[in-house]
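File shown here: model-v7.txt, holding compact mmCIF, C-alpha atoms and all ligand atoms.
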```txt
# COMPACT_ATOMS: atom_id res chain seq x y z
CA MET A 1070 0.00 0.00 0.00
CA THR A 1071 1.39 3.41 -0.94
CA PRO A 1072 1.06 6.07 1.75
CA ASP A 1073 -0.73 9.23 0.54
CA MET A 1074 2.18 11.43 1.60
CA ARG A 1075 5.85 10.88 0.78
CA ASP A 1076 8.57 12.58 2.85
CA ILE A 1077 10.23 14.48 0.00
CA LYS A 1078 9.58 15.02 -3.69
CA ILE A 1079 12.19 16.59 -5.96
CA ILE A 1080 10.64 18.24 -9.01
CA ASN A 1081 11.88 19.98 -12.17
CA GLY A 1082 15.36 18.46 -12.02
CA LYS A 1083 17.56 16.93 -14.66
CA VAL A 1084 17.87 13.52 -13.06
CA LEU A 1085 20.99 11.48 -13.90
CA THR A 1086 20.43 7.76 -14.27
CA PHE A 1087 22.72 4.99 -15.51
CA LYS A 1088 21.79 2.28 -17.99
CA GLY A 1089 23.31 -1.22 -18.01
CA ARG A 1090 24.35 -3.93 -15.62
CA LYS A 1091 26.13 -2.65 -12.52
CA PRO A 1092 28.99 -2.10 -11.98
CA LEU A 1093 29.16 -0.46 -15.40
CA ARG A 1094 31.81 -1.61 -17.85
CA GLY A 1095 33.02 -0.56 -21.30
CA THR A 1096 30.67 1.62 -23.32
CA ASP A 1097 28.02 1.30 -20.59
CA MET A 1098 30.25 3.58 -18.52
CA GLY A 1099 29.25 6.36 -20.91
CA SER A 1100 25.52 5.61 -20.77
CA ILE A 1101 24.19 8.40 -18.61
CA GLU A 1102 20.54 9.14 -19.26
CA VAL A 1103 19.19 12.54 -18.23
CA LEU A 1104 15.51 12.38 -17.26
CA LYS A 1105 14.16 15.90 -17.58
CA GLY A 1106 11.59 17.04 -15.05
CA VAL A 1107 10.70 13.61 -13.68
CA PRO A 1108 9.75 13.73 -9.99
CA VAL A 1109 11.82 11.69 -7.52
CA CYS A 1110 10.00 10.67 -4.33
CA ILE A 1111 11.66 9.73 -1.07
CA GLU A 1112 10.21 7.90 1.92
CA ASP A 1113 11.93 6.51 5.04
CA GLY A 1114 15.36 7.31 3.65
CA ARG A 1115 14.83 5.43 0.38
CA ILE A 1116 13.99 6.40 -3.18
CA VAL A 1117 10.46 5.06 -3.60
CA SER A 1118 9.46 6.29 -7.03
CA ILE A 1119 10.84 7.96 -10.11
CA ASP A 1120 8.51 9.59 -12.59
CA LYS A 1121 5.37 9.19 -10.47
CA ASP A 1122 3.57 12.31 -9.38
CA GLU A 1123 2.93 11.58 -5.71
CA LYS A 1124 2.10 13.98 -2.89
CA ALA A 1125 4.87 14.82 -0.45
CA ARG A 1126 5.29 16.78 2.78
CA GLU A 1127 8.31 18.63 1.37
CA VAL A 1128 8.71 19.58 -2.27
CA ILE A 1129 12.15 20.61 -3.51
CA ASP A 1130 12.09 22.49 -6.80
CA ALA A 1131 15.38 21.82 -8.61
CA HIS A 1132 14.70 24.55 -11.22
CA GLY A 1133 16.27 22.65 -14.12
CA LYS A 1134 19.45 21.79 -12.24
CA ILE A 1135 21.29 18.47 -12.10
CA VAL A 1136 19.91 15.94 -9.60
CA MET A 1137 22.29 13.02 -9.16
CA PRO A 1138 23.52 10.40 -6.69
CA GLY A 1139 25.86 11.71 -4.00
CA PHE A 1140 29.53 11.03 -4.71
CA ILE A 1141 31.15 7.93 -3.25
CA ASP A 1142 34.83 8.32 -2.43
CA PRO A 1143 36.20 4.76 -2.40
CA HIS A 1144 39.75 5.45 -1.15
CA THR A 1145 40.88 7.84 1.60
CA HIS A 1146 43.38 7.99 4.45
CA LEU A 1147 41.25 10.48 6.38
CA ILE A 1148 42.55 9.92 9.91
CA PHE A 1149 45.86 11.60 10.60
CA ALA A 1150 47.40 14.47 12.52
CA GLY A 1151 49.91 17.01 11.21
CA SER A 1152 50.67 17.90 7.61
CA ARG A 1153 53.56 17.60 5.18
CA GLU A 1154 54.07 20.95 3.44
CA ARG A 1155 57.83 20.65 4.11
CA GLU A 1156 57.90 17.60 1.84
CA PHE A 1157 55.84 19.45 -0.74
CA GLY A 1158 58.70 21.96 -0.90
CA LEU A 1159 61.28 19.17 -1.17
CA ARG A 1160 59.38 17.60 -4.04
CA LEU A 1161 59.16 20.91 -5.85
CA SER A 1162 62.93 21.15 -5.63
CA GLY A 1163 63.31 17.76 -7.28
CA LYS A 1164 63.13 15.01 -4.61
CA SER A 1165 60.82 12.10 -5.34
CA TYR A 1166 58.09 10.76 -3.04
CA MET A 1167 60.14 7.60 -2.39
CA GLU A 1168 63.38 9.54 -1.74
CA ILE A 1169 61.59 11.61 0.87
CA ARG A 1170 60.10 8.47 2.41
CA GLU A 1171 63.58 6.99 2.75
CA SER A 1172 65.01 10.10 4.39
CA ASP A 1173 62.85 10.34 7.49
CA GLY A 1174 59.77 11.84 5.85
CA GLY A 1175 56.77 10.27 4.21
CA ILE A 1176 54.22 8.05 5.90
CA LEU A 1177 56.35 7.65 9.05
CA SER A 1178 56.36 11.38 9.76
CA THR A 1179 52.55 11.30 9.77
CA VAL A 1180 52.69 8.17 11.95
CA ARG A 1181 54.68 10.13 14.55
CA ALA A 1182 52.17 12.98 14.61
CA THR A 1183 49.18 10.63 14.64
CA ARG A 1184 50.56 8.56 17.51
CA GLU A 1185 50.99 11.73 19.55
CA ALA A 1186 47.42 12.88 18.93
CA SER A 1187 44.59 11.85 21.27
CA SER A 1188 41.41 10.22 19.98
CA GLU A 1189 39.58 13.48 20.65
CA GLU A 1190 42.05 15.44 18.54
CA LEU A 1191 41.78 12.94 15.70
CA ILE A 1192 37.97 13.06 15.87
CA PHE A 1193 38.06 16.85 15.83
CA LEU A 1194 40.30 16.93 12.75
CA ALA A 1195 38.46 14.18 10.88
CA ARG A 1196 35.01 15.62 11.59
CA LYS A 1197 35.99 18.89 9.91
CA ARG A 1198 37.27 16.90 6.92
CA LEU A 1199 34.02 14.93 6.70
CA ASP A 1200 31.98 18.16 6.82
CA TYR A 1201 34.15 19.50 4.03
CA ALA A 1202 33.74 16.34 1.91
CA LEU A 1203 29.98 16.49 2.45
CA SER A 1204 29.92 20.11 1.34
CA TRP A 1205 31.38 18.91 -2.00
CA GLY A 1206 28.71 16.24 -2.33
CA THR A 1207 30.41 13.13 -0.90
CA THR A 1208 27.74 11.06 0.86
CA THR A 1209 29.75 7.84 1.32
CA ILE A 1210 33.45 7.56 2.03
CA GLU A 1211 35.89 4.73 2.55
CA VAL A 1212 38.37 5.52 5.34
CA LYS A 1213 41.59 3.61 6.01
CA SER A 1214 43.66 3.30 9.15
CA GLY A 1215 47.41 3.06 8.62
CA TYR A 1216 49.09 5.93 10.45
CA GLY A 1217 49.30 4.01 13.74
CA LEU A 1218 51.36 0.90 12.90
CA SER A 1219 51.06 -0.56 16.41
CA LEU A 1220 48.37 -2.47 18.25
CA LYS A 1221 47.50 0.54 20.36
CA ASP A 1222 47.57 3.17 17.62
CA GLU A 1223 45.86 1.20 14.84
CA SER A 1224 43.09 0.35 17.36
CA LYS A 1225 42.86 4.00 18.35
CA ILE A 1226 42.42 5.07 14.72
CA LEU A 1227 39.85 2.38 13.92
CA LYS A 1228 37.85 3.31 17.01
CA VAL A 1229 37.96 6.95 15.92
CA ILE A 1230 36.55 5.85 12.54
CA LYS A 1231 33.83 3.86 14.31
CA ARG A 1232 32.91 6.81 16.52
CA LEU A 1233 32.71 9.11 13.49
CA SER A 1234 30.51 6.68 11.59
CA GLU A 1235 28.11 6.66 14.53
CA THR A 1236 27.92 10.43 14.73
CA HIS A 1237 28.42 11.85 11.24
CA PRO A 1238 25.78 11.72 8.50
CA ILE A 1239 28.25 10.49 5.85
CA THR A 1240 28.31 6.70 5.46
CA ILE A 1241 31.81 5.59 6.41
CA VAL A 1242 33.28 2.32 5.17
CA PRO A 1243 36.22 1.36 7.42
CA THR A 1244 39.36 -0.34 6.11
CA PHE A 1245 42.21 -1.77 8.16
CA LEU A 1246 45.51 -0.73 6.56
CA GLY A 1247 47.98 -1.83 9.24
CA ALA A 1248 50.24 -2.82 6.33
CA HIS A 1249 50.72 0.77 5.18
CA ASP A 1250 54.38 0.85 6.19
CA PHE A 1251 56.70 -0.62 8.85
CA PRO A 1252 57.02 0.89 12.34
CA PRO A 1253 60.60 1.91 13.19
CA GLU A 1254 60.70 0.29 16.65
CA ILE A 1255 60.35 -3.38 15.71
CA ARG A 1256 61.70 -5.69 13.02
CA ARG A 1257 59.82 -6.13 9.77
CA GLU A 1258 58.95 -9.81 10.42
CA GLU A 1259 57.80 -9.02 13.93
CA TYR A 1260 55.40 -6.37 12.67
CA ILE A 1261 53.93 -8.70 10.04
CA GLU A 1262 53.50 -11.29 12.80
CA LEU A 1263 51.71 -8.67 14.90
CA ILE A 1264 49.35 -7.86 12.02
CA ILE A 1265 48.57 -11.50 11.47
CA SER A 1266 48.33 -12.86 14.97
CA GLU A 1267 46.97 -9.87 16.88
CA LEU A 1268 45.73 -6.97 14.77
CA ILE A 1269 43.58 -8.82 12.22
CA PRO A 1270 41.87 -11.00 14.86
CA LYS A 1271 41.19 -7.95 17.05
CA VAL A 1272 39.88 -5.81 14.17
CA SER A 1273 37.56 -8.65 13.17
CA ARG A 1274 36.44 -9.49 16.74
CA GLU A 1275 35.60 -5.88 17.49
CA GLY A 1276 33.94 -5.24 14.12
CA LEU A 1277 36.32 -2.38 13.34
CA ALA A 1278 36.68 -2.81 9.57
CA ARG A 1279 35.01 -4.20 6.47
CA PHE A 1280 38.18 -4.35 4.37
CA CYS A 1281 41.85 -5.19 4.83
CA ASP A 1282 44.29 -3.30 2.61
CA VAL A 1283 48.07 -3.51 1.97
CA PHE A 1284 50.54 -1.05 0.40
CA CYS A 1285 52.22 -3.45 -2.05
CA GLU A 1286 55.14 -1.58 -3.57
CA GLU A 1287 58.89 -2.02 -4.04
CA GLY A 1288 60.50 -1.10 -0.71
CA VAL A 1289 57.24 -1.46 1.21
CA TYR A 1290 55.22 -4.75 1.31
CA THR A 1291 56.31 -7.48 -1.11
CA GLU A 1292 53.83 -9.50 -3.15
CA GLU A 1293 54.29 -12.51 -0.85
CA GLU A 1294 53.79 -10.46 2.32
CA SER A 1295 50.75 -8.74 0.82
CA GLU A 1296 49.16 -12.02 -0.22
CA ARG A 1297 49.77 -13.55 3.20
CA ILE A 1298 48.20 -10.59 5.02
CA LEU A 1299 45.20 -10.34 2.70
CA ASN A 1300 44.52 -14.09 2.92
CA GLU A 1301 44.71 -13.90 6.69
CA GLY A 1302 42.28 -10.95 6.66
CA LYS A 1303 39.92 -13.00 4.51
CA LYS A 1304 39.89 -15.82 7.06
CA PHE A 1305 38.66 -13.24 9.56
CA GLY A 1306 35.96 -11.88 7.29
CA LEU A 1307 37.85 -8.80 6.04
CA ALA A 1308 37.47 -8.39 2.29
CA PRO A 1309 40.75 -7.60 0.49
CA LYS A 1310 41.80 -4.38 -1.17
CA ILE A 1311 45.30 -3.52 -2.36
CA HIS A 1312 47.46 -0.47 -3.19
CA ALA A 1313 49.08 -1.81 -6.33
CA ASP A 1314 51.39 -0.63 -9.11
CA GLU A 1315 51.43 2.96 -7.82
CA LEU A 1316 55.06 3.95 -8.27
CA LYS A 1317 56.40 0.89 -10.09
CA SER A 1318 55.01 -2.29 -11.54
CA SER A 1319 54.82 -4.35 -8.35
CA GLY A 1320 52.70 -7.32 -9.34
CA GLY A 1321 50.31 -6.14 -6.66
CA CYS A 1322 47.32 -6.16 -8.95
CA GLU A 1323 47.92 -9.83 -9.69
CA VAL A 1324 48.00 -10.52 -5.96
CA GLY A 1325 44.71 -8.62 -5.63
CA ILE A 1326 43.03 -10.69 -8.31
CA ARG A 1327 44.40 -13.93 -6.87
CA VAL A 1328 42.91 -13.22 -3.45
CA GLY A 1329 39.62 -11.98 -4.98
CA ALA A 1330 40.07 -8.35 -3.94
CA THR A 1331 37.03 -6.10 -4.07
CA SER A 1332 39.30 -3.46 -5.59
CA CYS A 1333 42.86 -2.93 -6.78
CA ASP A 1334 43.81 0.72 -6.37
CA HIS A 1335 46.20 3.13 -8.19
CA LEU A 1336 47.29 0.80 -11.06
CA ILE A 1337 49.46 3.38 -12.84
CA TYR A 1338 51.87 0.60 -13.83
CA ILE A 1339 49.34 -2.19 -14.37
CA SER A 1340 50.82 -4.77 -16.79
CA GLU A 1341 49.19 -6.23 -19.91
CA ARG A 1342 48.86 -9.52 -18.08
CA GLU A 1343 47.15 -7.86 -15.13
CA ILE A 1344 44.71 -6.12 -17.48
CA GLU A 1345 43.86 -9.53 -18.97
CA LEU A 1346 43.36 -11.01 -15.51
CA MET A 1347 41.22 -8.10 -14.34
CA THR A 1348 38.97 -8.42 -17.37
CA LYS A 1349 38.02 -11.90 -16.20
CA SER A 1350 37.50 -10.93 -12.55
CA ASP A 1351 34.93 -8.96 -10.55
CA THR A 1352 37.60 -6.72 -9.06
CA ILE A 1353 37.03 -2.99 -9.48
CA ALA A 1354 39.93 -0.80 -10.61
CA VAL A 1355 40.02 2.25 -8.33
CA LEU A 1356 42.02 4.99 -10.06
CA LEU A 1357 43.34 7.97 -8.11
CA PRO A 1358 44.12 10.88 -10.45
CA GLY A 1359 44.64 13.30 -7.53
CA THR A 1360 47.75 11.38 -6.52
CA SER A 1361 49.24 11.37 -10.03
CA PHE A 1362 48.56 15.08 -10.25
CA PHE A 1363 49.86 16.03 -6.80
CA LEU A 1364 53.03 13.92 -7.14
CA SER A 1365 53.52 15.22 -10.72
CA LEU A 1366 53.81 11.63 -11.94
CA LYS A 1367 54.39 11.49 -15.66
CA ASP A 1368 53.00 8.03 -16.23
CA LYS A 1369 49.27 7.43 -16.20
CA PRO A 1370 47.26 4.23 -15.98
CA PRO A 1371 46.05 2.97 -19.38
CA VAL A 1372 42.51 4.08 -18.61
CA ARG A 1373 41.05 3.93 -22.12
CA LYS A 1374 42.42 0.45 -22.62
CA MET A 1375 41.11 -0.69 -19.24
CA ILE A 1376 37.63 0.60 -20.00
CA GLN A 1377 37.72 -0.84 -23.50
CA MET A 1378 38.65 -4.21 -21.98
CA GLU A 1379 35.50 -3.90 -19.84
CA ILE A 1380 37.23 -3.50 -16.49
CA PRO A 1381 34.86 -1.62 -14.16
CA VAL A 1382 36.66 1.58 -13.22
CA ALA A 1383 35.99 3.75 -10.17
CA ILE A 1384 37.80 6.93 -9.10
CA GLY A 1385 38.64 8.21 -5.64
CA SER A 1386 40.52 11.00 -3.92
CA ASP A 1387 43.21 9.01 -2.02
CA PHE A 1388 42.96 11.93 0.44
CA ASN A 1389 46.12 11.84 2.61
CA PRO A 1390 48.76 14.34 3.77
CA GLY A 1391 51.57 13.06 1.52
CA SER A 1392 50.39 12.25 -1.96
CA SER A 1393 46.91 13.77 -2.30
CA PRO A 1394 45.57 16.42 0.07
CA ILE A 1395 42.48 16.62 -2.15
CA LEU A 1396 39.06 15.72 -0.77
CA SER A 1397 36.71 17.18 -3.38
CA MET A 1398 35.15 14.64 -5.73
CA PRO A 1399 34.16 17.29 -8.31
CA ILE A 1400 37.87 18.20 -8.51
CA ILE A 1401 38.80 14.52 -8.79
CA ILE A 1402 36.28 14.18 -11.64
CA GLY A 1403 37.92 17.19 -13.30
CA LEU A 1404 41.37 15.61 -12.93
CA ALA A 1405 40.09 12.26 -14.24
CA CYS A 1406 38.99 14.08 -17.41
CA LEU A 1407 41.94 16.43 -17.80
CA THR A 1408 44.82 14.15 -16.80
CA TYR A 1409 43.50 10.60 -17.30
CA GLY A 1410 41.55 11.34 -20.48
CA MET A 1411 38.20 10.12 -19.15
CA THR A 1412 34.98 11.57 -20.51
CA PRO A 1413 32.74 13.46 -18.05
CA GLN A 1414 30.17 10.64 -18.31
CA LYS A 1415 32.68 7.94 -17.41
CA ALA A 1416 34.25 9.97 -14.62
CA ILE A 1417 30.81 10.54 -13.06
CA VAL A 1418 29.94 6.85 -13.30
CA ALA A 1419 33.34 6.07 -11.76
CA ALA A 1420 32.68 8.46 -8.86
CA THR A 1421 29.20 7.13 -8.07
CA ILE A 1422 27.84 3.71 -9.05
CA ASN A 1423 31.19 2.00 -9.71
CA ALA A 1424 32.61 3.47 -6.51
CA ALA A 1425 29.59 2.01 -4.70
CA TYR A 1426 30.72 -1.44 -5.84
CA ALA A 1427 34.31 -0.70 -4.81
CA THR A 1428 33.13 -0.03 -1.25
CA GLY A 1429 30.54 -2.81 -1.00
CA GLU A 1430 27.76 -0.19 -0.76
CA LYS A 1431 25.61 -1.52 -3.59
CA GLU A 1432 22.42 0.08 -2.33
CA ARG A 1433 23.87 3.49 -3.05
CA GLY A 1434 25.51 5.26 -5.99
CA SER A 1435 22.54 5.63 -8.33
CA ILE A 1436 19.04 7.07 -8.42
CA GLU A 1437 16.93 3.93 -8.58
CA GLU A 1438 13.78 2.82 -6.81
CA GLY A 1439 14.66 0.99 -3.59
CA LYS A 1440 18.11 2.50 -3.15
CA TRP A 1441 19.09 4.80 -0.30
CA ALA A 1442 18.16 8.40 -1.04
CA ASP A 1443 21.70 9.82 -1.14
CA ILE A 1444 21.07 12.62 -3.62
CA ILE A 1445 22.73 15.91 -4.48
CA ILE A 1446 21.36 18.87 -6.40
CA LEU A 1447 24.00 20.88 -8.24
CA ASN A 1448 23.97 24.48 -9.34
CA VAL A 1449 24.59 23.46 -12.96
CA ASP A 1450 22.19 22.49 -15.75
CA ASP A 1451 24.57 20.11 -17.54
CA TYR A 1452 26.66 17.38 -15.89
CA ARG A 1453 29.64 18.19 -18.11
CA LYS A 1454 29.90 21.43 -16.13
CA ILE A 1455 31.12 19.43 -13.12
CA PRO A 1456 34.61 18.96 -14.62
CA TYR A 1457 34.36 22.01 -16.87
CA TRP A 1458 33.98 24.60 -14.08
CA PHE A 1459 37.18 23.16 -12.64
CA GLY A 1460 37.62 23.96 -8.96
CA TYR A 1461 34.07 25.27 -8.55
CA ASN A 1462 31.85 23.65 -5.93
CA PRO A 1463 28.49 23.11 -7.66
CA VAL A 1464 26.78 21.41 -4.70
CA GLU A 1465 23.63 23.20 -3.50
CA VAL A 1466 21.59 20.58 -1.70
CA VAL A 1467 22.65 17.31 -0.09
CA ILE A 1468 20.05 14.72 0.84
CA LYS A 1469 21.47 11.87 2.90
CA GLU A 1470 19.26 8.83 3.51
CA GLY A 1471 16.25 11.04 2.90
CA LYS A 1472 17.33 13.87 5.19
CA ARG A 1473 18.12 17.24 3.74
CA LEU A 1474 21.37 18.59 5.15
CA ASP A 1475 22.88 22.01 4.86
CA ARG A 1476 26.27 22.22 3.16
CA LYS A 1477 28.13 22.05 6.46
CA GLY A 1478 26.46 18.79 7.47
O1 LIG B 1 47.89 5.98 -1.43
N1 LIG B 1 50.52 4.66 -1.00
C1 LIG B 1 50.36 4.70 0.20
N2 LIG B 1 49.55 5.52 0.80
C2 LIG B 1 49.21 6.80 0.32
C3 LIG B 1 50.23 7.80 0.67
C4 LIG B 1 50.25 8.01 2.11
C5 LIG B 1 51.22 9.08 2.58
O2 LIG B 1 52.13 9.50 1.86
O3 LIG B 1 51.03 9.48 3.73
C6 LIG B 1 48.84 6.72 -1.14
O4 LIG B 1 49.44 7.37 -1.99
FE FE B 2 46.10 5.31 -0.71
```
This entry written out as structure tokens:
Amino acid sequence: MTPDMRDIKIINGKVLTFKGRKPLRGTDMGSIEVLKGVPVCIEDGRIVSIDKDEKAREVIDAHGKIVMPGFIDPHTHLIFAGSREREFGLRLSGKSYMEIRESDGGILSTVRATREASSEELIFLARKRLDYALSWGTTTIEVKSGYGLSLKDESKILKVIKRLSETHPITIVPTFLGAHDFPPEIRREEYIELIISELIPKVSREGLARFCDVFCEEGVYTEEESERILNEGKKFGLAPKIHADELKSSGGCEVGIRVGATSCDHLIYISEREIELMTKSDTIAVLLPGTSFFLSLKDKPPVRKMIQMEIPVAIGSDFNPGSSPILSMPIIIGLACLTYGMTPQKAIVAATINAAYATGEKERGSIEEGKWADIIILNVDDYRKIPYWFGYNPVEVVIKEGKRLDRKG
């Protein structure tokens, strides 16, 4: 039985919908359909009808503007203290990201600052970042640990993430990334042992993460170590993700496919063989153009080829203090077009429905009956203006699970 009054009805919008089997692959990634003026009705947090003129308690007139699913950011390192502008200067004068990492900077400098910060300080910092992301239209975000690298500090970070997900309107998908680097105080093998015999069981027991991730890269975690950690995570119910082929071809993507990863991320140096393997798998390729841009990396992932080979591609911010201090998905969409050669259509699909699959949030990411009403209304009348007005924040209204929020959350 349909109630006579819906909670919200959005009228006069240009409603973006996606055609094809989800996640979208190949030419389907370009298949955005704009439904002009069709009403979208929301009830109990869900989209209940599209193109049915029902009565509603609140009517939002979109005045011909774009109505679309909220952005889903499938890859961030949101929880950290401090910042790394000193390294930014070093990079501008010619040092590489890896050189800085090896000379006392990089991830470990953020680990020091994050270990020193209290949970309250980390919550304070992260809450402001979540408000900011929401103001740019992000309604779901994946958040990794990884700046603790000890039992105490990784637990602290994951509990901060849990606390935020209970108190902030954005949907937060937590990922355990204990294998982000190696802590300086213990031996490499000892730390891997700690991840396997203590951290993973604890994270699983306390329900602190959905995914387990590893930074597989020359000089960081090897393929064997990555595979061992991800398989162990799987035994404890943590789905695998992997940072792969970011700075060199590491074979990480192959590891990801072997363990059945939900996503392989970065993939700048993905090999022909890995492309072949990905084509036959359900793994999503999460590309992070903000990182390539911010590290001034010359090489790019073979995006056109990947899409042509029907690999489902998502894009994310990789927000972190070292390689991508960018949290705005409209800017990431702009970079995906300008630096990775994606079309606006494909970049939008990659930042919504395909990113939903990369985070395991399949009931989000598109405007469809039955899905969560995570909807944004933009101050533009054409979706191509999202990347075109580069750097402009087009977000006017954010509706999260049927509740209208102001831009500050
Ligand atoms: O995805 N690659 C590892 N992690 C981040 C960088 C983290 C940092 O530099 O603090 C990345 O690029
Ligand atoms: Fe990352």
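Near ligand LIG 1 (chain B), at a distance of at most 8 Å and with all atoms listed in the file counted, sit the residues Thr1145, His1146, Tyr1166, Gly1175, Ile1176, Leu1177, Thr1179, Tyr1216, His1249, Phe1284, His1312, Glu1315, His1335, Thr1360, Asp1387, Phe1388, Asn1389, Pro1390, Gly1391, Ser1392 and Ser1393 of chain A.
If you count only C-alpha atoms and ignore residues fewer than 6 places along the chain from stretch 1110-1118 of chain A, what sits within 8 Å of it is Arg1075, Asp1076, Ile1077, Lys1078, Ile1079, Ala1125, Ile1436, Glu1437, Glu1438, Gly1439, Lys1440, Trp1441, Ala1442, Lys1469, Glu1470, Gly1471 and Lys1472 of chain A.
You can rank A:His1132, A:Pro1456, A:Gly1434, A:Met1378 by their closest distance to A:Gly1403 using all atoms listed in the file, and at the top of that list sits A:Pro1456.
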Ref. answer, residues at most 9 Å from (17.1, 15.8, -6.8) with only C-alpha atoms, as a list in words: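 The answer, in the requested form, is Lys1078, Ile1079, Ile1080, Asn1081, Gly1082, Lys1083, Val1084, Pro1108, Val1109, Ile1129, Asp1130, Ala1131, Lys1134, Ile1135, Val1136, Met1137, Pro1138, Ile1444, Ile1445, Ile1446, Leu1447, Val1466, Val1467 and Ile1468 of chain A.
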- prompt: Which one of A:Asn1300, A:Thr1183, A:Thr1412, A:Ser1350 sits closest to A:Ser1332 if you count all atoms listed in the file?
  reply: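 Answer, going by the shortest atom-to-atom distance: A:Ser1350.
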task: Choose the residue, out of A:Leu1159, A:Met1375, A:Ile1148, A:Ala1202, that has the smallest atom-to-atom separation from A:Ala1182; count all atoms listed in the file.
output: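 Closest to A:Ala1182, using all atoms listed in the file: A:Ile1148.
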Completion step: stretch 1442-1454 of chain A with N, CA and C atoms as a PDB file, in the frame of the given file:
```pdb
ATOM      1  N   ALA A1442      18.275   7.078  -0.431  1.00  0.00           N
ATOM      2  CA  ALA A1442      18.160   8.400  -1.040  1.00  0.00           C
ATOM      3  C   ALA A1442      19.355   9.264  -0.645  1.00  0.00           C
ATOM      4  N   ASP A1443      20.498   8.997  -1.281  1.00  0.00           N
ATOM      5  CA  ASP A1443      21.700   9.820  -1.140  1.00  0.00           C
ATOM      6  C   ASP A1443      21.785  10.637  -2.428  1.00  0.00           C
ATOM      7  N   ILE A1444      21.280  11.842  -2.380  1.00  0.00           N
ATOM      8  CA  ILE A1444      21.070  12.620  -3.620  1.00  0.00           C
ATOM      9  C   ILE A1444      21.644  14.017  -3.461  1.00  0.00           C
ATOM     10  N   ILE A1445      22.267  14.519  -4.514  1.00  0.00           N
ATOM     11  CA  ILE A1445      22.730  15.910  -4.480  1.00  0.00           C
ATOM     12  C   ILE A1445      22.089  16.700  -5.628  1.00  0.00           C
ATOM     13  N   ILE A1446      21.852  17.970  -5.348  1.00  0.00           N
ATOM     14  CA  ILE A1446      21.360  18.870  -6.400  1.00  0.00           C
ATOM     15  C   ILE A1446      22.464  19.894  -6.640  1.00  0.00           C
ATOM     16  N   LEU A1447      22.843  20.028  -7.896  1.00  0.00           N
ATOM     17  CA  LEU A1447      24.000  20.880  -8.240  1.00  0.00           C
ATOM     18  C   LEU A1447      23.539  22.168  -8.908  1.00  0.00           C
ATOM     19  N   ASN A1448      24.296  23.205  -8.712  1.00  0.00           N
ATOM     20  CA  ASN A1448      23.970  24.480  -9.340  1.00  0.00           C
ATOM     21  C   ASN A1448      24.496  24.538 -10.783  1.00  0.00           C
ATOM     22  N   VAL A1449      24.248  23.473 -11.536  1.00  0.00           N
ATOM     23  CA  VAL A1449      24.590  23.460 -12.960  1.00  0.00           C
ATOM     24  C   VAL A1449      23.460  22.743 -13.713  1.00  0.00           C
ATOM     25  N   ASP A1450      23.286  23.088 -14.987  1.00  0.00           N
ATOM     26  CA  ASP A1450      22.190  22.490 -15.750  1.00  0.00           C
ATOM     27  C   ASP A1450      22.695  21.412 -16.709  1.00  0.00           C
ATOM     28  N   ASP A1451      23.988  21.114 -16.653  1.00  0.00           N
ATOM     29  CA  ASP A1451      24.570  20.110 -17.540  1.00  0.00           C
ATOM     30  C   ASP A1451      25.683  19.423 -16.743  1.00  0.00           C
ATOM     31  N   TYR A1452      25.677  18.084 -16.730  1.00  0.00           N
ATOM     32  CA  TYR A1452      26.660  17.380 -15.890  1.00  0.00           C
ATOM     33  C   TYR A1452      28.104  17.589 -16.360  1.00  0.00           C
ATOM     34  N   ARG A1453      28.264  17.946 -17.627  1.00  0.00           N
ATOM     35  CA  ARG A1453      29.640  18.190 -18.110  1.00  0.00           C
ATOM     36  C   ARG A1453      30.258  19.413 -17.435  1.00  0.00           C
ATOM     37  N   LYS A1454      29.375  20.250 -16.836  1.00  0.00           N
ATOM     38  CA  LYS A1454      29.900  21.430 -16.130  1.00  0.00           C
ATOM     39  C   LYS A1454      30.582  21.058 -14.821  1.00  0.00           C
TER      40      LYS A1454
END
```
